Amino acid sequence: MEALVIHAPGDLRVEDVPTPELGPGQLQVRVRCGGICGSDLHYYQHGGFGTVRIQEPMVLGHEVAGVIEAVGAGAPFKAGERVAISPSRPCGVCRYCQQGLQNHCLDMRYYGSAMRNPHVQGAFRQQIVVEQWQAHRLADSVSDGEGSMAEPLSVALHAVRRAGSLLGKSVLVTGCGPIGALAIIAARRAGATHIVATDVGAHTLGKALKVGADEVVNVAEEPDGLARFGAEKGRFDVLFEASGNERALRGAFDALRPRGIIVQLGLGGEMTLPINTIVAKEFDLRGAFRFHEEFAVAVELLNKGLVDVKPLISATLSYRDSARAFALAADRSQAMKVLLNFD
Ligand code: ZN
């Protein structure tokens, strides 16, 4: 079978890789669809992000869905069933796994990640062998592409969990790439009554409105666009910061009410922040990283039609056309989520 292997920035190759052996409790899945994530783009464009760098060839990808080809002994699935695959593979036995904090596992083997050495090979491949607990059945009404969106939706659901109750809350989302847009969907599902989204691009803000934002602010055209939310010490109860941009985070402080909750989703490296504002307005600054049990929730929401991620799928291209697909995925003026087809 073939896989998409990153060797160096800009050097992404289709290569033959062996199909792993199927063991007890495992499933062999024919991968049909895979979403290109921001981290895949970082590996492709820069060879990594932050201190994480590619040290050896690595199969990219962690947002995939497919159809079961073979079932290992004891796995409660049948060949032909369509599934979304969770890339979250915690050890299950470390102290954090035992506390239900699997995203902090001491021995996490998340697909397509150069965070450990040897790297964990990814899921942009024609066939993959997974543990049965990674597989989540997709309803007939959910396409393979929507199924592959379960992973980024899980990230947004985890961020919403980190925020606490959103029932009746006023929410600001800064940065409306796929994760920010999915945060809008997840926050609305969780009961947020007013959602404002900011970005620097008209295309992304159009998508933000399409998935349910009440108002959008283009901060490239209108740098002080959030000023109207600054009366009485700020309007918003919760900020989801999904851009990783220091200016976006700082720019939201005046619009966030005292004791407001900031959920930082975007990875932005080093930032300088006005700590006095955080102290005086008693902000809660919370990180949100990956997910674990939220994957099952994401698939259930998709299966029941309780969320619609279709507006965020911009294009589906063959994995053999990866250069074009990655260029499109990097172009926020015309693309949100770009999917690869592995048929
Ligand atoms: Zn663990």
# chains A, B, ... in the order shown; residues from 1 in each chain; ligands from 1

call {"tool": "residues_around", "arguments": {"residues": "A:Gln264", "least_positions_apart": "3", "cutoff": "10 Å", "atoms": "only C-alpha atoms", "output": "list in words"}}
result
Ala159, Arg162, Ala163, Thr174, Leu239, Phe240, Glu241, Ala242, Ser243, Gly244, Leu249, Ile261, Leu267, Gly268, Leu285, Arg286, Gly287, Ala288 and Phe289 of chain A

call {"tool": "residues_near_ligand", "arguments": {"ligand": "ligand 1", "cutoff": "12 Å", "atoms": "only C-alpha atoms and all ligand atoms", "output": "list in words"}}
result
Ser88, Arg89, Pro90, Cys91, Gly92, Val93, Cys94, Arg95, Tyr96, Cys97, Gln98, Gln99, Gly100, Leu101, Gln102, Asn103, His104, Cys105, Leu106, Asp107, Met108, Arg109, Tyr110 and His292 of chain A

call {"tool": "select_by_dssp", "arguments": {"residues": "stretch 181-312 of chain A", "states": "alpha helix (DSSP H)", "output": "NGL selection string"}}
result
:A and (181-189 or 202-210 or 246-252 or 275-280 or 294-303)

call {"tool": "residues_around", "arguments": {"residues": "A:Tyr44", "least_positions_apart": "5", "cutoff": "12 Å", "atoms": "only C-alpha atoms", "output": "ChimeraX atom specification"}}
result
/A:4-13,36-39,49,53-54,57-61,112,322-323,325-327,329-330

call {"tool": "select_by_dssp", "arguments": {"residues": "stretch 229-338 of chain A", "states": "strand (DSSP E)", "output": "VMD selection string"}}
result
chain A and resid 236 to 241 256 to 264 284 to 287 313 to 318 337 to 338

call {"tool": "atom_distance", "arguments": {"atom1": "atom CA of A:Gly147", "atom2": "atom CA of A:Gly266"}}
result
22.9 Å

call {"tool": "closest_residue", "arguments": {"among": "A:Val196, A:Val173, A:Val263, A:Val142", "to": "A:Lys304", "atoms": "only C-alpha atoms"}}
result
A:Val142

call {"tool": "residues_around", "arguments": {"residues": "stretch 332-334 of chain A", "least_positions_apart": "3", "cutoff": "7 Å", "atoms": "only C-alpha atoms", "output": "PDB file with N, CA, C and O atoms, in the first residue's frame"}}
result
ATOM      1  N   GLY A 201      -9.606  37.363   7.555  1.00  0.00           N
ATOM      2  CA  GLY A 201      -9.953  36.997   6.184  1.00  0.00           C
ATOM      3  C   GLY A 201     -11.454  36.947   5.956  1.00  0.00           C
ATOM      4  O   GLY A 201     -12.206  36.449   6.795  1.00  0.00           O
ATOM      5  N   HIS A 203     -13.050  35.191   3.661  1.00  0.00           N
ATOM      6  CA  HIS A 203     -13.540  33.839   3.378  1.00  0.00           C
ATOM      7  C   HIS A 203     -13.855  33.090   4.678  1.00  0.00           C
ATOM      8  O   HIS A 203     -14.928  32.501   4.836  1.00  0.00           O
ATOM      9  N   THR A 204     -12.906  33.149   5.627  1.00  0.00           N
ATOM     10  CA  THR A 204     -13.113  32.424   6.884  1.00  0.00           C
ATOM     11  C   THR A 204     -14.285  33.016   7.660  1.00  0.00           C
ATOM     12  O   THR A 204     -15.058  32.276   8.268  1.00  0.00           O
TER      13      THR A 204
END

call {"tool": "closest_residue", "arguments": {"among": "A:Lys233, A:Arg290, A:Lys207, A:Arg228", "to": "A:Lys310", "atoms": "only C-alpha atoms"}}
result
A:Lys207

call {"tool": "atom_distance", "arguments": {"atom1": "atom CA of A:Arg189", "atom2": "atom CA of A:Val338"}}
result
23.9 Å

call {"tool": "atom_distance", "arguments": {"atom1": "atom CA of A:Gly25", "atom2": "atom CA of A:Met1"}}
result
22.2 Å

call {"tool": "residues_around", "arguments": {"residues": "stretch 133-137 of chain A", "least_positions_apart": "6", "cutoff": "9 Å", "atoms": "only C-alpha atoms", "output": "list in words"}}
result
Gly25, Gln26, Leu27, Ala65, Ala75, Phe77, Glu81, Arg82, Val83, Ala84, Ile85, Ser86, Pro87, Ser88, Arg89, Phe295, Ala296, Val299, Glu300 and Asn303 of chain A
